[in-house]
Structure formats: structure tokens, C-alpha cells
Amino acid sequence: MSAIERESAHTSGLYQKRDLVIVRGRDATLWDADGREYIDCVGGQGIASLGHGNTAVADAIAAQARTLASATELFYNDRRAELYDALARILPPSLDRFFLCNSGTEAVEGALKFAKAATKRSGVVETMRGFHGKTMGSLAATWGPEYRELFGPFVPGYSHVPFNKPEALDAAITTDTAAFIVELVQGEGGVRPATQEFIAESARLCRERGALLVIDEVQTGFARTGTMFALEQYGVAPDILCLAKAIAGGMPMGAIAFSRAVGELPKRSHSTTFGGNPLACAAAVASIAEMVRLDLPAKARERGAQLMAGLSSISSPKVREVRGLGLLVGIELKEQAGPTMKALQDAGVLVLGAGPTVVRYLPPLVISAQQIDRVVEATRKALS
Ligand SMILES: *Cc1c(COP(=O)(O)O)cnc(C)c1O
């Protein structure tokens with residue numbers, strides 16, 4: 001029996017799957033079970049920024065697995081201490097405390113709990129088309145009706161404001177607001193960069209009204225947008241920053257970085273058993289070192305500019321808009337994105353959707369210039 005038949009016999013059925021068995025990867029190239037080669041513009045949905053099969057990360061994981069895989073936060077640990085140092089070196093100096101967890105949604109859950117604990121308020125403001133994860137607390141902040149439909153009632157006190165409408169913030173962020181949470185580029189919501197004015201106005205109102213600014217860089221963090229964190233391009237330091245996806249080179253990990261505005265958190269009011277385990281920490285330490293050594297922010301800027309220019313040069317009546325930041329790029333079509341994604345797959349290029357009409361490119365940041373050229377040409381053909 002094939003892997004497809006074996007998986008299908010037991011799958012939850014929750015995932016919309018493609019008829020492809022991916023078995024191996026190297027940098028930005030993937031191979032299926034039949035040995036067919038693909039250029040990877042899915043990038044593990046934003047996890048695989050360092051590319052597949054990075055040896056430094058693989059060696060760090062193997063060595064740590066042999067030394068010590070688990071040491072919960074009942075204890076101190078050398079790898080965890082190393083990771084805190086590594087994070088502090090690449091983040092704004094005000095974000096100097098960390099909580100380690102295991103996924104993006106868990107980082108958002110914790111961030112919103114920290115904001116409530118710090119402000120003694122319960123209101124949370126988030127944006128339309130925002131995506132913050134699918135567990136109950138994060139789901140309340142996530143916009144997509146298709147994700148929410150079956151799962152109400154939600155945590156009370158949440159309200160969605162229009163994205164990139166600074167004038168709508170004044171009525172929404174009040175003295176009852178614990179947190180305003182926002183992505184700097186909406187990923188799932190269609191690859192939509194926030195405007196400078198929207199972020200500046202939200203930061204100003206949060207400061208004025210004593211609410212905490214929570215930035216969700218789960219997808220944009222770790223070099224994706226051309227700087228180590230997208231917040232550098234917005235000149236903003238949030239009170240709380242949510243991280244995950246690329247943080248540990250493929251190992252499951254999330255993190256919350258937070259400032260002294262959060263104050264003392266009551267002992268044991270939040271925790272997670274896997275959080276800060278040495279295996280994930282070793283992978284993250286090695287990943288961050290590789291991101292710096294390979295200058296992934298520069299690669300994201302250069303290859304991102306090349307991809308944006310290439311896609312923008314496609315003249316097709318099907319294209320509405322090309323937009324993005326760094327190597328987080330989307331083409332919005334005037335039709336459903338599905339057929340174009342399938343045509344690209346047939347041409348050996350794997351891409352993601354971002355809503356029904358957007359084709360999203362989220363390749364490993366180590367993708368080569370030649371591969372970007374091939375992606376652009378395949379897209380040109382698919383849209384002709
Ligand atoms: C992917 C994503 C999440 C959720 O991360 P999971 O690890 O899937 O829970 C949250 N926020 C943003 C911006 C994301 O892109």
C-alpha cells in the first residue's frame with residue numbers, strides 16, 4: 001500500500017491534502033516518493049526558512065538528543081540559557097524576557113494571558129483578516145469565518161477592527177483594552193503588509209490608554225521579510241512579541257518575548273510541560289546562528305525583490321495585484337487560486353494559498369536566484 005492509502009485510512013480528514021508524498025529535501029528542493037523534484041515555495045508553511053537538511057541544525061539536534069532531550073522548567077538548563085542569549089542579541093533591547101512553548105497558537109494564547117494579567121483588563125482588539133491560530137483563545141482573535149463557524153461561543157471581550165484603517169482604532173482601543181494584537185504582514189489573510197500609519201497609530205493609542213501592543217510575528221519573524229524581524233521596518237517595539245514557525249529550523253517551538261511593561265507574572269499562572277526543552281532549544285540556537293551566518297535577512301531582501309519584480313512583470317488579465325515584504329509574496333488573482341496552484345505543481349513548483357484568490361510564495365530563504373527565475377517562468381506559463 002502506498003503512503004497515501006495508509007494515511008488516508010487513519011487521517012483526521014482535517015487537512016486539505018495534495019496527492020503528493022514528500023520524502024526528502026535539500027535547501028529549497030523537495031523530492032516525492034517517485035523521485036520527482038520540486039522547487040519548494042511552501043517552505044513548511046514558513047517553518048523551513050533555513051532550507052531543508054541544514055547540517056548544523058541536524059548535528060545540533062542529534063548531539064542534544066544523545067545528551068539530554070528533556071529538562072522541564074523545574075530546572076535551569078544550559079541550552080535554554082544559550083537560547084535566551086541568542087534571542088536577546090537579535091531582538092530590540094526592551095524585549096528581554098522569554099516564555100518558550102511549542103507552536104504559534106500557544107505563543108498567542110500566552111501573550112493574551114500575559115496582557116490580561118499585566119493590565120488587569122479583559123478586552124482584546126484584533127484585526128479583520130487577521131490570523132493568530134486555532135486553539136480557543138487564539139481562535140477568538142482569528143478572523144476567518146470558515147475557522148470559527150462551528151466553535152462559538154468565544155472568549156468574551158474580543159473585537160475586530162478593519163486592518164489598515166488607523167481611524168478605526170480610536171474607538172476600539174479603550175481603557176478596558178488589555179491588548180491590541182496585529183500581524184505586520186497578514187499571511188493567511190492574503191499577504192497584506194500593514195501600513196506604517198496603522199502600526200504607529202496603534203502603538204500610540206496603546207501607550208496613551210495603557211493597553212499592551214502585541215505583535216504576532218509567527219510568520220514574519222526570523223528574516224522572512226528582509227530584516228530579522230519585520231518590526232525593524234516599522235520602527236516599533238511591542239510590549240509582547242509572538243514567535244514560532246522558523247524559530248527552531250523545523251523542530252516544533254514557539255516563543256513569547258516581552259518587555260518589563262508586563263511586570264511580574266504570578267508563579268504557575270501559565271506553563272507548558274514541553275516548553276524550553278533542551279532538544280528544541282539546541283535546534284533554535286543552531287538555527288539562529290545559521291540565520292546570522294548565512295545572512296538570511298539579506299537573502300530574503302534580494303530574492304524577495306527578484307520574485308516581486310518577476311511576478312509583477314507578468315502581464316495576465318487574471319492578475320489583480322502582486323504584494324508582499326521580503327520573501328513573503330502573494331499574487332491576488334481575479335479568480336480562484338486553486339487551478340493556478342495545481343498548474344504550478346504540475347510544472348514542479350509547490351506554492352501555498354492565502355485565502356481563496358491569493359497564490360502565496362513562502363520559499364526557504366536559501367532559494368537560489370536560478371530557482372526564483374524558474375518559479376517566475378512557471379507562474380507566467382500557469383497564468384497565460
Ligand atoms: C501560523 C500562524 C499562527 C499559528 O501557528 P501554529 O504553529 O500553526 O499554531 C499564528 N499566527 C500567525 C501570524 C501565523 O502565521
# chains A, B, ... in the order shown; residues from 1 in each chain; ligands from 1

$ residues_near_ligand --ligand "ligand 1" --cutoff "7 Å" --atoms "only C-alpha atoms and all ligand atoms" --output "PDB file with C-alpha atoms, in the first residue's frame"
ATOM      1  CA  SER A 103       3.608  26.412  18.486  1.00  0.00           C
ATOM      2  CA  GLY A 104       2.338  29.706  17.167  1.00  0.00           C
ATOM      3  CA  THR A 105      -1.127  29.448  18.603  1.00  0.00           C
ATOM      4  CA  GLU A 106       0.368  28.670  22.008  1.00  0.00           C
ATOM      5  CA  VAL A 108      -0.615  33.847  21.103  1.00  0.00           C
ATOM      6  CA  PHE A 131      -4.759  35.019  11.710  1.00  0.00           C
ATOM      7  CA  HIS A 132      -3.463  34.072  15.150  1.00  0.00           C
ATOM      8  CA  GLY A 133      -4.036  30.322  15.412  1.00  0.00           C
ATOM      9  CA  LYS A 134      -6.873  27.896  16.002  1.00  0.00           C
ATOM     10  CA  GLU A 183       0.434  40.931  12.243  1.00  0.00           C
ATOM     11  CA  GLN A 186      -1.187  39.377   7.259  1.00  0.00           C
ATOM     12  CA  GLY A 187      -0.088  35.969   5.961  1.00  0.00           C
ATOM     13  CA  GLU A 188      -3.110  33.670   5.954  1.00  0.00           C
ATOM     14  CA  ASP A 216       2.325  38.435  16.016  1.00  0.00           C
ATOM     15  CA  GLU A 217       5.498  37.669  14.044  1.00  0.00           C
ATOM     16  CA  VAL A 218       4.888  33.919  13.973  1.00  0.00           C
ATOM     17  CA  GLN A 219       5.116  34.037  10.159  1.00  0.00           C
ATOM     18  CA  ALA A 244       7.209  30.299  16.233  1.00  0.00           C
ATOM     19  CA  LYS A 245       7.431  28.694  12.761  1.00  0.00           C
TER      20      LYS A 245
END

$ residues_around --residues "range 362-373 of chain A" --least-positions-apart "3" --cutoff "6 Å" --atoms "only C-alpha atoms" --output "VMD selection string"
chain A and resid 28 40 to 43 48 to 51 300 328 376

$ write_last_selection --atoms "N, CA, C and O atoms" --output "tab-separated table (two decimals), in the first residue's frame"
chain	number	residue	atom	x	y	z
A	28	ALA	N	16.16	24.41	-1.01
A	28	ALA	CA	14.79	24.76	-1.43
A	28	ALA	C	14.23	23.75	-2.41
A	28	ALA	O	13.31	24.06	-3.17
A	40	ASP	N	10.51	24.31	-3.77
A	40	ASP	CA	9.62	24.43	-2.63
A	40	ASP	C	9.30	25.90	-2.32
A	40	ASP	O	10.14	26.60	-1.76
A	41	CYS	N	8.12	26.35	-2.67
A	41	CYS	CA	7.68	27.70	-2.26
A	41	CYS	C	6.59	27.61	-1.20
A	41	CYS	O	5.83	28.56	-0.98
A	42	VAL	N	6.50	26.44	-0.55
A	42	VAL	CA	5.64	26.28	0.62
A	42	VAL	C	6.48	26.47	1.88
A	42	VAL	O	6.06	27.09	2.85
A	43	GLY	N	7.72	25.97	1.82
A	43	GLY	CA	8.65	26.18	2.94
A	43	GLY	C	8.08	25.74	4.27
A	43	GLY	O	8.26	26.42	5.29
A	48	ALA	N	10.47	26.35	7.19
A	48	ALA	CA	11.76	25.92	6.62
A	48	ALA	C	12.56	27.07	6.03
A	48	ALA	O	13.11	26.96	4.94
A	49	SER	N	12.69	28.18	6.75
A	49	SER	CA	13.41	29.34	6.22
A	49	SER	C	14.86	29.02	5.92
A	49	SER	O	15.45	29.57	5.00
A	50	LEU	N	15.46	28.14	6.73
A	50	LEU	CA	16.87	27.77	6.52
A	50	LEU	C	17.04	26.75	5.42
A	50	LEU	O	18.17	26.36	5.12
A	51	GLY	N	15.96	26.30	4.85
A	51	GLY	CA	16.04	25.25	3.84
A	51	GLY	C	16.02	23.89	4.49
A	51	GLY	O	16.08	23.76	5.72
A	300	ALA	N	16.60	37.23	1.97
A	300	ALA	CA	15.15	37.47	1.82
A	300	ALA	C	14.90	38.77	1.06
A	300	ALA	O	13.99	38.84	0.24
A	328	LEU	N	7.97	36.95	1.53
A	328	LEU	CA	6.56	36.62	1.81
A	328	LEU	C	5.77	37.37	0.74
A	328	LEU	O	5.56	38.57	0.84
A	376	VAL	N	9.25	32.13	-11.43
A	376	VAL	CA	8.58	33.22	-12.16
A	376	VAL	C	8.11	32.72	-13.52
A	376	VAL	O	6.96	32.95	-13.92

$ closest_residue --among "A:Glu302, A:Glu377, A:Asp239, A:Glu290" --to "Ala118 in chain A" --atoms "only C-alpha atoms"
A:Asp239

$ atom_distance --atom1 "CA of Leu87 in chain A" --atom2 "CA of Ala257 in chain A"
8.6 Å

$ residues_around --residues "range 293-299 of chain A" --least-positions-apart "4" --cutoff "6 Å" --atoms "only C-alpha atoms" --output "number ranges by chain"
A: 223, 226-228, 303

$ atom_distance --atom1 "CA of Pro193 in chain A" --atom2 "CA of Val322 in chain A"
11.6 Å

$ select_by_dssp --residues "range 18-162 of chain A" --states "helix (DSSP H, G or I)" --output "PyMOL selection string"
chain A and resi 43-46+55-67+78-90+104-119+136-141+145-148

$ atom_distance --atom1 "CA of Lys334 in chain A" --atom2 "CA of Ile314 in chain A"
14.2 Å

$ residues_around --residues "range 6-21 of chain A" --least-positions-apart "2" --cutoff "6 Å" --atoms "only C-alpha atoms" --output "number ranges by chain"
A: 3-4, 32-33

$ write_last_selection --atoms "C-alpha atoms" --output "CSV table (one decimal), in the first residue's frame"
chain,number,residue,atom,x,y,z
A,3,ALA,CA,1.7,6.1,1.9
A,4,ILE,CA,-1.4,7.9,0.5
A,32,ASP,CA,8.4,13.0,-3.8
A,33,ALA,CA,8.3,9.2,-3.4

$ closest_residue --among "A:Met291, A:Ala246, A:Ile215, A:Val182" --to "Ile90 in chain A" --atoms "only C-alpha atoms"
A:Met291

$ decode --residues "range 123-144 of chain A" --atoms "N, CA and C atoms" --output "PDB file, in the first residue's frame"
ATOM      1  N   GLY A 123     -10.278  43.204  27.772  1.00  0.00           N
ATOM      2  CA  GLY A 123     -10.557  43.453  26.355  1.00  0.00           C
ATOM      3  C   GLY A 123      -9.378  43.092  25.453  1.00  0.00           C
ATOM      4  N   VAL A 124      -9.686  42.518  24.300  1.00  0.00           N
ATOM      5  CA  VAL A 124      -8.660  42.231  23.301  1.00  0.00           C
ATOM      6  C   VAL A 124      -9.168  42.754  21.957  1.00  0.00           C
ATOM      7  N   VAL A 125      -8.334  43.522  21.278  1.00  0.00           N
ATOM      8  CA  VAL A 125      -8.694  44.057  19.966  1.00  0.00           C
ATOM      9  C   VAL A 125      -7.775  43.430  18.928  1.00  0.00           C
ATOM     10  N   GLU A 126      -8.368  42.982  17.819  1.00  0.00           N
ATOM     11  CA  GLU A 126      -7.581  42.359  16.762  1.00  0.00           C
ATOM     12  C   GLU A 126      -8.138  42.818  15.419  1.00  0.00           C
ATOM     13  N   THR A 127      -7.542  42.371  14.330  1.00  0.00           N
ATOM     14  CA  THR A 127      -7.919  42.935  13.032  1.00  0.00           C
ATOM     15  C   THR A 127      -8.732  41.953  12.188  1.00  0.00           C
ATOM     16  N   MET A 128      -9.555  42.519  11.334  1.00  0.00           N
ATOM     17  CA  MET A 128     -10.244  41.714  10.333  1.00  0.00           C
ATOM     18  C   MET A 128      -9.192  41.107   9.402  1.00  0.00           C
ATOM     19  N   ARG A 129      -9.425  39.899   8.948  1.00  0.00           N
ATOM     20  CA  ARG A 129      -8.496  39.106   8.129  1.00  0.00           C
ATOM     21  C   ARG A 129      -7.241  38.672   8.891  1.00  0.00           C
ATOM     22  N   GLY A 130      -7.174  38.945  10.200  1.00  0.00           N
ATOM     23  CA  GLY A 130      -6.014  38.518  10.978  1.00  0.00           C
ATOM     24  C   GLY A 130      -6.038  37.013  11.203  1.00  0.00           C
ATOM     25  N   PHE A 131      -4.847  36.440  11.365  1.00  0.00           N
ATOM     26  CA  PHE A 131      -4.759  35.019  11.710  1.00  0.00           C
ATOM     27  C   PHE A 131      -3.804  34.854  12.884  1.00  0.00           C
ATOM     28  N   HIS A 132      -4.292  34.224  13.960  1.00  0.00           N
ATOM     29  CA  HIS A 132      -3.463  34.072  15.150  1.00  0.00           C
ATOM     30  C   HIS A 132      -3.468  32.655  15.697  1.00  0.00           C
ATOM     31  N   GLY A 133      -4.026  31.698  14.949  1.00  0.00           N
ATOM     32  CA  GLY A 133      -4.036  30.322  15.412  1.00  0.00           C
ATOM     33  C   GLY A 133      -5.446  29.825  15.641  1.00  0.00           C
ATOM     34  N   LYS A 134      -5.562  28.540  15.989  1.00  0.00           N
ATOM     35  CA  LYS A 134      -6.873  27.896  16.002  1.00  0.00           C
ATOM     36  C   LYS A 134      -7.272  27.253  17.326  1.00  0.00           C
ATOM     37  N   THR A 135      -6.468  27.424  18.396  1.00  0.00           N
ATOM     38  CA  THR A 135      -6.964  26.978  19.700  1.00  0.00           C
ATOM     39  C   THR A 135      -7.924  28.048  20.229  1.00  0.00           C
ATOM     40  N   MET A 136      -8.716  27.734  21.243  1.00  0.00           N
ATOM     41  CA  MET A 136      -9.883  28.567  21.555  1.00  0.00           C
ATOM     42  C   MET A 136      -9.572  30.051  21.811  1.00  0.00           C
ATOM     43  N   GLY A 137      -8.527  30.341  22.582  1.00  0.00           N
ATOM     44  CA  GLY A 137      -8.215  31.753  22.864  1.00  0.00           C
ATOM     45  C   GLY A 137      -7.715  32.485  21.636  1.00  0.00           C
ATOM     46  N   SER A 138      -6.844  31.828  20.868  1.00  0.00           N
ATOM     47  CA  SER A 138      -6.317  32.441  19.642  1.00  0.00           C
ATOM     48  C   SER A 138      -7.399  32.533  18.585  1.00  0.00           C
ATOM     49  N   LEU A 139      -8.237  31.520  18.523  1.00  0.00           N
ATOM     50  CA  LEU A 139      -9.309  31.477  17.523  1.00  0.00           C
ATOM     51  C   LEU A 139     -10.257  32.669  17.696  1.00  0.00           C
ATOM     52  N   ALA A 140     -10.430  33.095  18.946  1.00  0.00           N
ATOM     53  CA  ALA A 140     -11.285  34.255  19.197  1.00  0.00           C
ATOM     54  C   ALA A 140     -10.700  35.498  18.525  1.00  0.00           C
ATOM     55  N   ALA A 141      -9.375  35.538  18.369  1.00  0.00           N
ATOM     56  CA  ALA A 141      -8.713  36.678  17.713  1.00  0.00           C
ATOM     57  C   ALA A 141      -8.606  36.483  16.213  1.00  0.00           C
ATOM     58  N   THR A 142      -8.616  35.231  15.765  1.00  0.00           N
ATOM     59  CA  THR A 142      -8.546  34.931  14.331  1.00  0.00           C
ATOM     60  C   THR A 142      -9.838  35.363  13.652  1.00  0.00           C
ATOM     61  N   TRP A 143      -9.720  35.864  12.416  1.00  0.00           N
ATOM     62  CA  TRP A 143     -10.889  36.417  11.730  1.00  0.00           C
ATOM     63  C   TRP A 143     -11.693  35.358  10.983  1.00  0.00           C
ATOM     64  N   GLY A 144     -11.010  34.482  10.204  1.00  0.00           N
ATOM     65  CA  GLY A 144     -11.642  33.632   9.202  1.00  0.00           C
ATOM     66  C   GLY A 144     -12.927  32.947   9.638  1.00  0.00           C
TER      67      GLY A 144
END
